[in-house]
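Structure file query13.cif (mmCIF, C-alpha atoms (C1' of nucleotides)) is printed below.
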data_work
loop_
_atom_site.label_atom_id
_atom_site.label_comp_id
_atom_site.auth_asym_id
_atom_site.auth_seq_id
_atom_site.Cartn_x
_atom_site.Cartn_y
_atom_site.Cartn_z
CA MET E 1 0.00 0.00 0.00
CA VAL E 2 1.29 3.44 -0.85
CA ASP E 3 1.66 6.01 1.86
CA THR E 4 -1.20 8.29 0.99
CA THR E 5 -1.02 10.24 4.20
CA HIS E 6 2.22 12.13 3.66
CA GLU E 7 1.19 15.72 3.32
CA MET E 8 3.58 18.49 2.53
CA GLN E 9 3.87 22.19 1.94
CA ILE E 10 4.95 23.85 -1.23
CA GLY E 11 8.66 23.95 -0.44
CA GLU E 12 8.97 20.25 0.17
CA LEU E 13 6.98 19.39 -2.91
CA ALA E 14 9.16 21.70 -4.97
CA GLN E 15 12.27 19.94 -3.71
CA MET E 16 10.91 16.53 -4.57
CA CYS E 17 10.00 17.65 -8.09
CA HIS E 18 13.23 19.60 -8.55
CA ILE E 19 11.36 22.72 -9.49
CA THR E 20 10.74 26.02 -7.74
CA THR E 21 7.79 27.08 -5.63
CA ARG E 22 7.18 29.79 -8.19
CA THR E 23 6.64 27.15 -10.82
CA LEU E 24 4.18 25.30 -8.62
CA ARG E 25 2.17 28.45 -8.04
CA TYR E 26 2.31 29.20 -11.73
CA TYR E 27 1.01 25.74 -12.56
CA GLU E 28 -1.83 26.41 -10.18
CA ASP E 29 -2.53 29.76 -11.82
CA ILE E 30 -2.98 28.17 -15.21
CA GLY E 31 -5.10 25.36 -13.84
CA LEU E 32 -2.71 22.44 -13.98
CA ILE E 33 -2.65 21.55 -10.30
CA GLU E 34 -4.38 22.39 -7.08
CA PRO E 35 -3.44 21.91 -3.44
CA LEU E 36 -5.39 19.38 -1.40
CA ARG E 37 -6.40 22.22 0.92
CA ARG E 38 -4.96 25.17 2.77
CA LEU E 39 -3.91 25.70 6.37
CA GLU E 40 -5.69 28.43 8.32
CA GLY E 41 -2.82 30.75 7.53
CA GLY E 42 -3.28 30.16 3.83
CA PHE E 43 -0.36 27.75 3.33
CA ARG E 44 -0.90 25.24 0.58
CA VAL E 45 -1.00 21.56 1.52
CA TYR E 46 -0.32 18.87 -1.07
CA GLY E 47 -0.61 15.11 -1.09
CA PRO E 48 1.75 12.70 -2.82
CA GLU E 49 -0.49 12.36 -5.84
CA THR E 50 0.45 15.89 -6.83
CA LEU E 51 4.05 14.75 -7.09
CA VAL E 52 3.02 12.09 -9.57
CA ARG E 53 0.96 14.61 -11.45
CA ILE E 54 3.86 17.00 -11.75
CA GLN E 55 6.09 14.24 -13.06
CA HIS E 56 3.45 13.45 -15.62
CA ILE E 57 3.29 17.07 -16.65
CA GLN E 58 7.05 17.26 -17.03
CA GLU E 59 7.11 14.17 -19.16
CA LEU E 60 4.57 15.56 -21.56
CA LYS E 61 6.44 18.84 -21.61
CA ASP E 62 9.98 17.52 -21.95
CA LEU E 63 9.56 14.26 -23.84
CA LEU E 64 6.87 15.41 -26.24
CA GLY E 65 7.79 19.07 -26.28
CA TRP E 66 4.27 20.21 -25.52
CA SER E 67 3.29 23.59 -24.18
CA LEU E 68 1.62 23.73 -20.80
CA GLU E 69 -1.59 24.66 -22.54
CA GLU E 70 -1.48 21.48 -24.58
CA VAL E 71 -0.58 19.48 -21.51
CA LYS E 72 -3.60 20.91 -19.77
CA GLY E 73 -5.86 19.55 -22.45
CA VAL E 74 -4.89 15.92 -22.11
CA ILE E 75 -4.65 16.09 -18.35
CA GLN E 76 -8.18 17.34 -18.11
CA ALA E 77 -9.45 14.52 -20.27
CA GLU E 78 -7.68 12.02 -18.05
CA ASP E 79 -9.02 13.71 -14.95
CA GLU E 80 -12.53 13.32 -16.18
CA VAL E 81 -12.13 9.59 -16.53
CA ASP E 82 -10.64 9.34 -13.07
CA ASN E 83 -13.61 11.22 -11.75
CA LEU E 84 -15.93 8.63 -13.17
CA ARG E 85 -14.60 6.17 -10.64
CA SER E 86 -14.96 8.44 -7.66
CA ARG E 87 -17.18 11.03 -6.14
CA TYR E 88 -18.60 12.54 -9.30
CA ARG E 89 -19.95 9.17 -10.28
CA LEU E 90 -23.45 9.83 -9.18
CA SER E 91 -23.87 13.04 -11.10
CA ARG E 92 -23.76 11.40 -14.50
CA THR E 93 -25.74 8.90 -16.48
CA ASP E 94 -24.01 5.86 -17.92
CA GLN E 95 -24.48 7.36 -21.35
CA GLU E 96 -22.55 10.43 -20.31
CA ARG E 97 -19.84 8.35 -18.67
CA LEU E 98 -19.47 6.34 -21.82
CA ALA E 99 -19.00 9.52 -23.81
CA VAL E 100 -16.32 10.69 -21.40
CA VAL E 101 -14.42 7.44 -21.70
CA LYS E 102 -14.62 7.49 -25.48
CA GLN E 103 -13.36 11.03 -25.55
CA ALA E 104 -10.46 10.21 -23.26
CA THR E 105 -9.67 7.11 -25.29
CA GLY E 106 -9.32 9.28 -28.33
CA VAL E 107 -6.98 11.60 -26.50
CA ILE E 108 -4.83 8.73 -25.31
CA GLU E 109 -4.78 7.12 -28.73
CA SER E 110 -3.54 10.23 -30.44
CA GLN E 111 -1.01 10.65 -27.67
CA LEU E 112 0.19 7.12 -28.27
CA ALA E 113 0.48 7.83 -31.97
CA MET E 114 2.67 10.83 -31.28
CA VAL E 115 4.86 8.88 -28.93
CA THR E 116 5.25 6.12 -31.50
CA GLU E 117 6.13 8.59 -34.21
CA ARG E 118 8.68 10.21 -31.97
CA LEU E 119 10.18 6.88 -31.10
CA ARG E 120 10.54 6.18 -34.79
CA ARG E 121 12.28 9.45 -35.52
CA LEU E 122 14.50 9.25 -32.46
CA ASP E 123 15.55 5.77 -33.47
CA GLY E 124 16.46 7.09 -36.89
CA MET E 125 18.54 9.71 -35.20
CA ARG E 126 20.28 7.11 -33.12
CA GLY E 127 21.18 5.19 -36.25
CA ALA E 128 22.61 8.29 -37.86
CA LEU E 129 24.66 9.07 -34.78
CA GLN E 130 26.06 5.58 -34.60
CA ALA E 131 27.05 5.72 -38.25
CA LYS E 132 28.71 9.05 -37.70
CA LEU E 133 30.54 7.71 -34.69
CA GLN E 134 31.87 4.89 -36.80
CA ARG E 135 33.12 7.28 -39.47
CA TYR E 136 34.80 9.43 -36.84
CA GLY E 137 36.43 6.34 -35.43
CA GLU E 138 37.89 5.44 -38.80
CA LEU E 139 39.05 8.97 -39.36
CA GLU E 140 40.70 8.98 -35.98
CA ALA E 141 42.55 5.75 -36.71
CA GLU E 142 43.73 7.19 -40.00
CA LEU E 143 45.05 10.32 -38.35
CA ARG E 144 46.71 8.33 -35.62
CA GLU E 145 48.55 6.44 -38.32
CA GLN E 146 49.70 9.68 -39.92
CA VAL E 147 50.97 11.02 -36.64
CA ARG E 148 52.82 7.78 -35.89
CA SER E 149 54.55 7.71 -39.25
CA GLN E 150 55.61 11.31 -38.86
CA GLU E 151 57.05 10.68 -35.44
CA GLY E 152 59.11 7.95 -37.04
CA LYS E 153 60.89 10.54 -39.12
CA LEU E 154 62.28 12.43 -36.15
CA MET B 155 24.74 11.44 -57.71
CA VAL B 156 22.85 14.15 -55.88
CA ASP B 157 21.99 17.33 -57.69
CA THR B 158 24.42 19.70 -56.06
CA THR B 159 23.84 22.47 -58.52
CA HIS B 160 20.34 23.53 -57.56
CA GLU B 161 20.67 26.97 -56.11
CA MET B 162 17.81 28.89 -54.63
CA GLN B 163 16.87 32.10 -52.94
CA ILE B 164 15.53 32.49 -49.46
CA GLY B 165 11.85 32.14 -50.34
CA GLU B 166 12.22 28.82 -52.07
CA LEU B 167 14.39 27.42 -49.30
CA ALA B 168 11.85 28.55 -46.73
CA GLN B 169 9.11 26.72 -48.60
CA MET B 170 11.10 23.52 -48.77
CA CYS B 171 11.85 23.65 -45.04
CA HIS B 172 8.33 24.71 -44.11
CA ILE B 173 9.58 27.69 -42.21
CA THR B 174 9.52 31.43 -42.83
CA THR B 175 12.17 33.61 -44.39
CA ARG B 176 12.32 35.47 -41.11
CA THR B 177 13.39 32.30 -39.37
CA LEU B 178 16.11 31.70 -41.93
CA ARG B 179 17.49 35.19 -41.43
CA TYR B 180 17.26 34.73 -37.70
CA TYR B 181 19.21 31.49 -37.92
CA GLU B 182 21.83 33.37 -39.86
CA ASP B 183 21.91 36.13 -37.25
CA ILE B 184 22.74 33.67 -34.50
CA GLY B 185 25.32 31.87 -36.58
CA LEU B 186 23.53 28.66 -37.42
CA ILE B 187 23.57 28.94 -41.20
CA GLU B 188 25.04 31.04 -43.94
CA PRO B 189 24.17 31.54 -47.59
CA LEU B 190 26.52 30.15 -50.21
CA ARG B 191 26.95 33.69 -51.51
CA ARG B 192 24.97 36.77 -52.46
CA LEU B 193 23.79 38.17 -55.76
CA GLU B 194 25.01 41.64 -56.69
CA GLY B 195 21.79 43.05 -55.35
CA GLY B 196 22.39 41.44 -51.99
CA PHE B 197 19.96 38.53 -52.41
CA ARG B 198 20.98 35.41 -50.51
CA VAL B 199 21.75 32.28 -52.52
CA TYR B 200 21.62 28.84 -50.90
CA GLY B 201 22.61 25.37 -52.01
CA PRO B 202 20.76 22.15 -51.21
CA GLU B 203 23.09 21.33 -48.32
CA THR B 204 21.53 24.13 -46.34
CA LEU B 205 18.21 22.33 -46.58
CA VAL B 206 19.77 19.26 -44.99
CA ARG B 207 21.36 21.44 -42.36
CA ILE B 208 18.06 23.04 -41.47
CA GLN B 209 16.43 19.64 -41.14
CA HIS B 210 19.22 18.61 -38.84
CA ILE B 211 18.72 21.71 -36.74
CA GLN B 212 15.00 21.08 -36.47
CA GLU B 213 15.57 17.52 -35.36
CA LEU B 214 17.88 18.58 -32.57
CA LYS B 215 15.42 21.27 -31.60
CA ASP B 216 12.20 19.27 -31.79
CA LEU B 217 13.29 15.74 -30.96
CA LEU B 218 15.76 16.58 -28.24
CA GLY B 219 14.17 19.82 -27.12
CA TRP B 220 17.39 21.77 -27.39
CA SER B 221 17.66 25.52 -27.59
CA LEU B 222 19.18 27.00 -30.71
CA GLU B 223 22.20 27.93 -28.65
CA GLU B 224 22.76 24.31 -27.69
CA VAL B 225 22.17 23.23 -31.26
CA LYS B 226 24.83 25.65 -32.36
CA GLY B 227 27.36 23.98 -30.12
CA VAL B 228 27.09 20.51 -31.59
CA ILE B 229 26.74 21.78 -35.13
CA GLN B 230 29.95 23.68 -34.86
CA ALA B 231 31.80 20.63 -33.60
CA GLU B 232 30.48 18.63 -36.54
CA ASP B 233 31.40 21.41 -38.93
CA GLU B 234 34.96 21.33 -37.75
CA VAL B 235 35.28 17.67 -38.57
CA ASP B 236 33.79 18.21 -41.99
CA ASN B 237 36.32 20.93 -42.56
CA LEU B 238 39.13 18.51 -41.92
CA ARG B 239 38.23 16.75 -45.13
CA SER B 240 38.08 19.84 -47.27
CA ARG B 241 39.71 23.14 -47.87
CA TYR B 242 40.90 23.92 -44.36
CA ARG B 243 42.93 20.73 -44.36
CA LEU B 244 46.22 22.36 -45.05
CA SER B 245 46.04 24.81 -42.23
CA ARG B 246 46.35 22.17 -39.52
CA THR B 247 48.81 19.60 -38.34
CA ASP B 248 47.70 16.02 -37.94
CA GLN B 249 47.96 16.46 -34.20
CA GLU B 250 45.46 19.27 -34.33
CA ARG B 251 43.17 17.33 -36.61
CA LEU B 252 43.25 14.42 -34.23
CA ALA B 253 42.22 16.70 -31.40
CA VAL B 254 39.31 18.03 -33.44
CA VAL B 255 38.08 14.53 -34.20
CA LYS B 256 38.34 13.47 -30.59
CA GLN B 257 36.44 16.52 -29.50
CA ALA B 258 33.70 15.90 -32.03
CA THR B 259 33.55 12.24 -31.06
CA GLY B 260 32.88 13.30 -27.51
CA VAL B 261 30.09 15.57 -28.64
CA ILE B 262 28.50 12.83 -30.71
CA GLU B 263 28.84 10.29 -27.93
CA SER B 264 27.08 12.47 -25.42
CA GLN B 265 24.45 13.20 -28.02
CA LEU B 266 23.97 9.49 -28.54
CA ALA B 267 23.64 8.99 -24.80
CA MET B 268 20.90 11.60 -24.65
CA VAL B 269 19.06 10.05 -27.54
CA THR B 270 19.27 6.64 -25.93
CA GLU B 271 18.01 7.98 -22.63
CA ARG B 272 15.15 9.67 -24.36
CA LEU B 273 14.29 6.52 -26.23
CA ARG B 274 14.16 4.70 -22.93
CA ARG B 275 11.86 7.22 -21.31
CA LEU B 276 9.64 7.52 -24.35
CA ASP B 277 9.31 3.77 -24.45
CA GLY B 278 8.26 3.81 -20.81
CA MET B 279 5.68 6.36 -21.71
CA ARG B 280 4.39 4.21 -24.52
CA GLY B 281 3.99 1.33 -22.12
CA ALA B 282 2.04 3.48 -19.70
CA LEU B 283 -0.22 4.72 -22.46
CA GLN B 284 -0.94 1.24 -23.71
CA ALA B 285 -1.81 0.10 -20.22
CA LYS B 286 -4.10 3.05 -19.80
CA LEU B 287 -5.72 2.36 -23.11
CA GLN B 288 -6.43 -1.16 -21.98
CA ARG B 289 -8.02 0.03 -18.75
CA TYR B 290 -10.15 2.49 -20.65
CA GLY B 291 -11.21 -0.27 -22.97
CA GLU B 292 -12.35 -2.40 -20.07
CA LEU B 293 -14.15 0.51 -18.49
CA GLU B 294 -15.89 1.22 -21.75
CA ALA B 295 -17.07 -2.38 -22.07
CA GLU B 296 -18.37 -2.23 -18.52
CA LEU B 297 -20.32 0.93 -19.17
CA ARG B 298 -21.68 -0.43 -22.41
CA GLU B 299 -23.00 -3.36 -20.44
CA GLN B 300 -24.70 -1.04 -17.98
CA VAL B 301 -26.32 0.94 -20.72
CA ARG B 302 -27.54 -2.21 -22.43
CA SER B 303 -29.10 -3.63 -19.29
CA GLN B 304 -30.83 -0.36 -18.60
CA GLU B 305 -32.26 -0.18 -22.07
CA GLY B 306 -33.71 -3.60 -21.40
CA LYS B 307 -35.86 -2.15 -18.65
CA LEU B 308 -37.68 0.28 -20.91
"C1'" DC R 309 10.04 51.91 -68.66
"C1'" DG R 310 6.39 50.57 -65.69
"C1'" DG R 311 4.64 47.27 -62.78
"C1'" DC R 312 4.73 43.20 -60.01
"C1'" DG R 313 6.61 40.00 -56.87
"C1'" DC R 314 10.46 38.89 -54.27
"C1'" DC R 315 14.25 40.58 -51.57
"C1'" DT R 316 16.84 43.84 -48.23
"C1'" DT R 317 17.65 45.86 -43.38
"C1'" DA R 318 15.93 47.77 -39.18
"C1'" DA R 319 13.05 48.33 -35.63
"C1'" DC R 320 9.55 47.28 -32.72
"C1'" DC R 321 6.10 43.59 -30.91
"C1'" DT R 322 4.59 39.05 -28.90
"C1'" DT R 323 4.21 34.84 -26.05
"C1'" DA R 324 5.33 31.21 -22.84
"C1'" DA R 325 7.32 30.05 -18.78
"C1'" DC R 326 8.97 31.26 -15.47
"C1'" DG R 327 12.69 34.64 -12.25
"C1'" DT R 328 13.01 38.25 -8.97
"C1'" DT R 329 11.86 41.41 -5.58
"C1'" DA R 330 8.94 43.63 -2.11
"C1'" DG R 331 6.23 43.72 1.78
"C1'" DA R 332 3.71 41.18 4.88
"C1'" DG R 333 1.94 37.08 7.42
"C1'" DT R 334 2.70 32.27 9.64
"C1'" DA R 335 4.74 28.29 12.08
"C1'" DT R 336 7.81 26.66 15.44
"C1'" DG R 337 11.85 25.66 18.40
"C1'" DA R 338 14.53 27.95 22.27
"C1'" DT I 339 8.03 35.91 23.15
"C1'" DC I 340 11.21 36.26 19.88
"C1'" DA I 341 14.05 34.77 16.16
"C1'" DT I 342 14.26 32.18 12.10
"C1'" DA I 343 12.62 29.85 8.30
"C1'" DC I 344 8.96 29.22 5.46
"C1'" DT I 345 4.89 31.03 3.06
"C1'" DC I 346 1.60 34.45 1.02
"C1'" DT I 347 0.14 37.80 -2.92
"C1'" DA I 348 1.24 41.09 -6.28
"C1'" DA I 349 3.84 43.13 -9.59
"C1'" DC I 350 7.44 43.87 -12.57
"C1'" DG I 351 11.50 41.69 -15.28
"C1'" DT I 352 13.64 38.30 -18.51
"C1'" DT I 353 14.68 35.21 -22.35
"C1'" DA I 354 14.19 32.57 -26.55
"C1'" DA I 355 12.34 32.35 -30.86
"C1'" DG I 356 10.53 34.28 -33.80
"C1'" DG I 357 6.10 37.74 -35.89
"C1'" DT I 358 5.04 42.07 -37.91
"C1'" DT I 359 5.49 46.31 -40.14
"C1'" DA I 360 7.92 49.99 -42.64
"C1'" DA I 361 10.55 51.86 -46.17
"C1'" DG I 362 13.01 50.88 -49.66
"C1'" DG I 363 15.93 48.01 -53.58
"C1'" DC I 364 16.14 44.17 -57.32
"C1'" DG I 365 14.80 41.29 -61.39
"C1'" DC I 366 12.34 40.36 -64.92
"C1'" DC I 367 8.07 40.37 -68.06
"C1'" DG I 368 5.54 42.85 -71.31
#
Kindly return the structure encoded in the file as structure tokens.
Amino acid sequence: MVDTTHEMQIGELAQMCHITTRTLRYYEDIGLIEPLRRLEGGFRVYGPETLVRIQHIQELKDLLGWSLEEVKGVIQAEDEVDNLRSRYRLSRTDQERLAVVKQATGVIESQLAMVTERLRRLDGMRGALQAKLQRYGELEAELREQVRSQEGKL
Amino acid sequence: MVDTTHEMQIGELAQMCHITTRTLRYYEDIGLIEPLRRLEGGFRVYGPETLVRIQHIQELKDLLGWSLEEVKGVIQAEDEVDNLRSRYRLSRTDQERLAVVKQATGVIESQLAMVTERLRRLDGMRGALQAKLQRYGELEAELREQVRSQEGKL
DNA sequence: CGGCGCCTTAACCTTAACGTTAGAGTATGA
DNA sequence: TCATACTCTAACGTTAAGGTTAAGGCGCCG
């Protein structure tokens, strides 16, 4: 069982995500995350699931090169599906729930397509780099030979 | 044999790269590319190798998420090696050439490491997406069942 | 030689994603 | 209760990567 009781304030969360508190507040501003609740003094309190969420956000941002606005789109679709399982369950008909799942499936499918495409291109890049590395290796050997034969003349 | 004689002006090159002329001039400003030469009137003239170069730049930018400044670094290292083979050959000793190749090899190796790492993470992402897709599929089947049984009651 | 489309430089504008600073409040150990 | 470290909001600053506009040359067709 995961420790779901570890609550933290913004500074600790920032440390764990390797980002700044400013960034966390910014993400909140644009609707990407939200604290679990606030202390009386106004301090934000987060649960561990926010950490996971941030990591997810960073993956979409860094690995797929998406803007935070784009990230927001897919995250919201995923959120809606999660909500189907929990407290918002009762407020929808099965028809509506079905529509939500279909919609989210579409989002995930297109996401998967992009990931696959990227994998393909990155793999091509890897091939090119390896080939280049081989050529450089040969060139290096050649030059080494030149240097050696010149040293022989001294 | 590749057609190495097809020269073009900035507009045509922009079209082929699917970018704007502004971007091409900007890339020139920051030292990423350079026209083959200029017409008397000042018009830039490019060869087909610039097209390849631009595509390379875009790959580093899009696939690896690098800034143009970072891109410039690796491109310059690669350029230096290319120069070893051509007209700047005579201006260096073999020792110096060897150093250039080693340096470039390092650049390419670290590039390869990054690509590999990215491939690994992207593949993890693909796995997660596929798993999610499966869960959504099951959820959808479940909901479909619900809807069907409710329709039966009408 | 006139017009049309493409090219030139230069200067200012835009947007995302934060960084930085200021001024004030909060939580907590000594 | 006080010092210290953390947090709050609000506002202005920054940077990369171009977009946009202006004011003017170039090349070539008819």
Where does chain B end up after superposition onto chain E over all in-order Cα pairs? Give it as a compact mmCIF listing (two decimals) with C-alpha atoms, keeping the file's coordinate frame.
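The resulting file, result.txt, is shown below:
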# COMPACT_ATOMS: atom_id res chain seq x y z
CA MET B 155 0.01 -0.01 0.12
CA VAL B 156 1.30 3.43 -0.75
CA ASP B 157 1.59 6.02 1.96
CA THR B 158 -1.29 8.27 1.05
CA THR B 159 -1.17 10.22 4.24
CA HIS B 160 2.04 12.16 3.75
CA GLU B 161 1.02 15.75 3.39
CA MET B 162 3.42 18.54 2.65
CA GLN B 163 3.69 22.22 2.03
CA ILE B 164 4.82 23.89 -1.13
CA GLY B 165 8.53 23.99 -0.29
CA GLU B 166 8.84 20.30 0.34
CA LEU B 167 6.89 19.41 -2.78
CA ALA B 168 9.10 21.73 -4.82
CA GLN B 169 12.19 19.97 -3.51
CA MET B 170 10.84 16.55 -4.37
CA CYS B 171 9.97 17.66 -7.90
CA HIS B 172 13.20 19.59 -8.37
CA ILE B 173 11.35 22.71 -9.32
CA THR B 174 10.72 26.03 -7.60
CA THR B 175 7.76 27.10 -5.53
CA ARG B 176 7.16 29.80 -8.10
CA THR B 177 6.65 27.16 -10.74
CA LEU B 178 4.17 25.31 -8.56
CA ARG B 179 2.15 28.46 -8.03
CA TYR B 180 2.35 29.20 -11.71
CA TYR B 181 1.05 25.74 -12.54
CA GLU B 182 -1.82 26.41 -10.20
CA ASP B 183 -2.50 29.76 -11.85
CA ILE B 184 -2.93 28.14 -15.24
CA GLY B 185 -5.06 25.34 -13.87
CA LEU B 186 -2.67 22.43 -13.99
CA ILE B 187 -2.65 21.54 -10.30
CA GLU B 188 -4.40 22.40 -7.10
CA PRO B 189 -3.54 21.93 -3.45
CA LEU B 190 -5.50 19.40 -1.44
CA ARG B 191 -6.55 22.23 0.86
CA ARG B 192 -5.16 25.20 2.75
CA LEU B 193 -4.17 25.74 6.35
CA GLU B 194 -5.99 28.47 8.25
CA GLY B 195 -3.14 30.80 7.49
CA GLY B 196 -3.52 30.19 3.78
CA PHE B 197 -0.58 27.81 3.37
CA ARG B 198 -1.05 25.27 0.59
CA VAL B 199 -1.15 21.59 1.54
CA TYR B 200 -0.42 18.89 -1.03
CA GLY B 201 -0.71 15.13 -1.05
CA PRO B 202 1.69 12.71 -2.73
CA GLU B 203 -0.52 12.37 -5.80
CA THR B 204 0.42 15.88 -6.80
CA LEU B 205 4.02 14.76 -7.02
CA VAL B 206 3.02 12.07 -9.50
CA ARG B 207 0.97 14.60 -11.40
CA ILE B 208 3.88 16.99 -11.67
CA GLN B 209 6.11 14.22 -12.96
CA HIS B 210 3.50 13.42 -15.54
CA ILE B 211 3.34 17.05 -16.60
CA GLN B 212 7.11 17.24 -16.94
CA GLU B 213 7.18 14.14 -19.08
CA LEU B 214 4.63 15.54 -21.49
CA LYS B 215 6.51 18.81 -21.53
CA ASP B 216 10.05 17.49 -21.86
CA LEU B 217 9.63 14.24 -23.75
CA LEU B 218 6.96 15.37 -26.16
CA GLY B 219 7.88 19.04 -26.20
CA TRP B 220 4.35 20.17 -25.45
CA SER B 221 3.39 23.56 -24.14
CA LEU B 222 1.71 23.72 -20.76
CA GLU B 223 -1.49 24.64 -22.53
CA GLU B 224 -1.39 21.44 -24.55
CA VAL B 225 -0.50 19.47 -21.46
CA LYS B 226 -3.53 20.89 -19.76
CA GLY B 227 -5.77 19.53 -22.47
CA VAL B 228 -4.80 15.89 -22.11
CA ILE B 229 -4.59 16.08 -18.34
CA GLN B 230 -8.11 17.33 -18.12
CA ALA B 231 -9.39 14.51 -20.29
CA GLU B 232 -7.62 12.00 -18.05
CA ASP B 233 -8.98 13.71 -14.96
CA GLU B 234 -12.49 13.32 -16.21
CA VAL B 235 -12.09 9.59 -16.55
CA ASP B 236 -10.63 9.34 -13.08
CA ASN B 237 -13.61 11.23 -11.79
CA LEU B 238 -15.93 8.63 -13.21
CA ARG B 239 -14.62 6.19 -10.66
CA SER B 240 -14.99 8.46 -7.68
CA ARG B 241 -17.19 11.06 -6.16
CA TYR B 242 -18.61 12.62 -9.30
CA ARG B 243 -20.00 9.25 -10.32
CA LEU B 244 -23.52 9.95 -9.27
CA SER B 245 -23.89 13.12 -11.21
CA ARG B 246 -23.78 11.41 -14.60
CA THR B 247 -25.74 8.90 -16.57
CA ASP B 248 -23.99 5.89 -18.00
CA GLN B 249 -24.44 7.38 -21.44
CA GLU B 250 -22.52 10.44 -20.40
CA ARG B 251 -19.83 8.37 -18.74
CA LEU B 252 -19.43 6.35 -21.89
CA ALA B 253 -18.94 9.53 -23.87
CA VAL B 254 -16.27 10.71 -21.44
CA VAL B 255 -14.38 7.44 -21.74
CA LYS B 256 -14.54 7.49 -25.50
CA GLN B 257 -13.29 11.03 -25.57
CA ALA B 258 -10.41 10.20 -23.27
CA THR B 259 -9.60 7.10 -25.29
CA GLY B 260 -9.25 9.29 -28.33
CA VAL B 261 -6.90 11.60 -26.49
CA ILE B 262 -4.76 8.71 -25.30
CA GLU B 263 -4.70 7.11 -28.73
CA SER B 264 -3.46 10.24 -30.41
CA GLN B 265 -0.94 10.64 -27.64
CA LEU B 266 0.25 7.10 -28.25
CA ALA B 267 0.56 7.83 -31.95
CA MET B 268 2.75 10.83 -31.23
CA VAL B 269 4.93 8.86 -28.89
CA THR B 270 5.32 6.12 -31.46
CA GLU B 271 6.21 8.60 -34.16
CA ARG B 272 8.75 10.20 -31.92
CA LEU B 273 10.24 6.86 -31.07
CA ARG B 274 10.61 6.17 -34.76
CA ARG B 275 12.35 9.45 -35.47
CA LEU B 276 14.56 9.24 -32.42
CA ASP B 277 15.60 5.76 -33.45
CA GLY B 278 16.51 7.10 -36.87
CA MET B 279 18.59 9.70 -35.17
CA ARG B 280 20.34 7.08 -33.11
CA GLY B 281 21.21 5.19 -36.25
CA ALA B 282 22.64 8.30 -37.85
CA LEU B 283 24.71 9.05 -34.78
CA GLN B 284 26.11 5.56 -34.62
CA ALA B 285 27.08 5.71 -38.27
CA LYS B 286 28.75 9.03 -37.71
CA LEU B 287 30.57 7.69 -34.72
CA GLN B 288 31.90 4.88 -36.84
CA ARG B 289 33.14 7.26 -39.51
CA TYR B 290 34.82 9.39 -36.90
CA GLY B 291 36.46 6.31 -35.49
CA GLU B 292 37.89 5.41 -38.86
CA LEU B 293 39.06 8.95 -39.44
CA GLU B 294 40.73 8.96 -36.07
CA ALA B 295 42.58 5.72 -36.81
CA GLU B 296 43.72 7.18 -40.11
CA LEU B 297 45.06 10.30 -38.49
CA ARG B 298 46.75 8.31 -35.77
CA GLU B 299 48.54 6.42 -38.49
CA GLN B 300 49.69 9.65 -40.09
CA VAL B 301 50.99 10.98 -36.83
CA ARG B 302 52.83 7.75 -36.12
CA SER B 303 54.54 7.67 -39.49
CA GLN B 304 55.60 11.26 -39.12
CA GLU B 305 57.07 10.65 -35.71
CA GLY B 306 59.12 7.93 -37.34
CA LYS B 307 60.88 10.52 -39.46
CA LEU B 308 62.27 12.45 -36.53
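Once the PyMOL selection byres ((chain E and resi 27) around 12) is applied to the shown structure, the selection contains Ala14, Ile19, Thr20, Thr21, Arg22, Thr23, Leu24, Arg25, Tyr26, Glu28, Asp29, Ile30, Gly31, Leu32, Ile33, Glu34, Pro35, Thr50, Arg53, Ile54, Ile57, Gln58, Leu68, Glu69, Val71 and Lys72 of chain E; DA325 and DC326 of chain R.
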Worksheet item: Residues at most 9 Å from Arg272 in chain B, counting only C-alpha atoms (C1' of nucleotides), excluding those fewer than 6 positions away in the same chain, as a ChimeraX atom specification?
Response: /E:63,119,122 /B:218
Please evaluate the PyMOL selection byres ((chain R) within 12 of (chain E)) against the structure above and give the resulting residues as a PDB file with C-alpha atoms (C1' of nucleotides), in the frame of the given file.
ATOM      1  C1'  DT R 323       4.210  34.840 -26.050  1.00  0.00           C
ATOM      2  C1'  DA R 324       5.330  31.210 -22.840  1.00  0.00           C
ATOM      3  C1'  DA R 325       7.320  30.050 -18.780  1.00  0.00           C
ATOM      4  C1'  DC R 326       8.970  31.260 -15.470  1.00  0.00           C
ATOM      5  C1'  DG R 327      12.690  34.640 -12.250  1.00  0.00           C
ATOM      6  C1'  DT R 328      13.010  38.250  -8.970  1.00  0.00           C
ATOM      7  C1'  DG R 333       1.940  37.080   7.420  1.00  0.00           C
ATOM      8  C1'  DT R 334       2.700  32.270   9.640  1.00  0.00           C
ATOM      9  C1'  DA R 335       4.740  28.290  12.080  1.00  0.00           C
TER      10       DA R 335
END
Given all atoms listed in the file, how would the per-residue table for chain I near chain B read, listing every residue at most 9 Å away with its closest atom pair and distance in Å to one decimal, sorted by chain and number, as a Markdown table?
| residue | atom | partner | partner_atom | distance |
| --- | --- | --- | --- | --- |
| I:DA354 | C1' | B:Ser221 | CA | 7.9 |
| I:DA355 | C1' | B:Thr177 | CA | 8.6 |
| I:DG356 | C1' | B:Thr177 | CA | 6.6 |
| I:DG357 | C1' | B:Arg176 | CA | 8.4 |
| I:DG363 | C1' | B:Gly195 | CA | 7.9 |
| I:DC364 | C1' | B:Gly195 | CA | 6.1 |
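Reported to one decimal place, the separation of CA of Gly201 in chain B from C1' of DT316 in chain R is 19.7 Å.
Proximity to Leu167 in chain B at 8 Å, evaluated using all atoms listed in the file and with sequence-adjacent residues fewer than 5 positions away removed, yields Met162, Tyr200 and Leu205 of chain B.
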Worksheet item: Suppose you want the space between CA of Glu161 in chain B and CA of Arg198 in chain B; what is it in Å?
Response: 10.1 Å
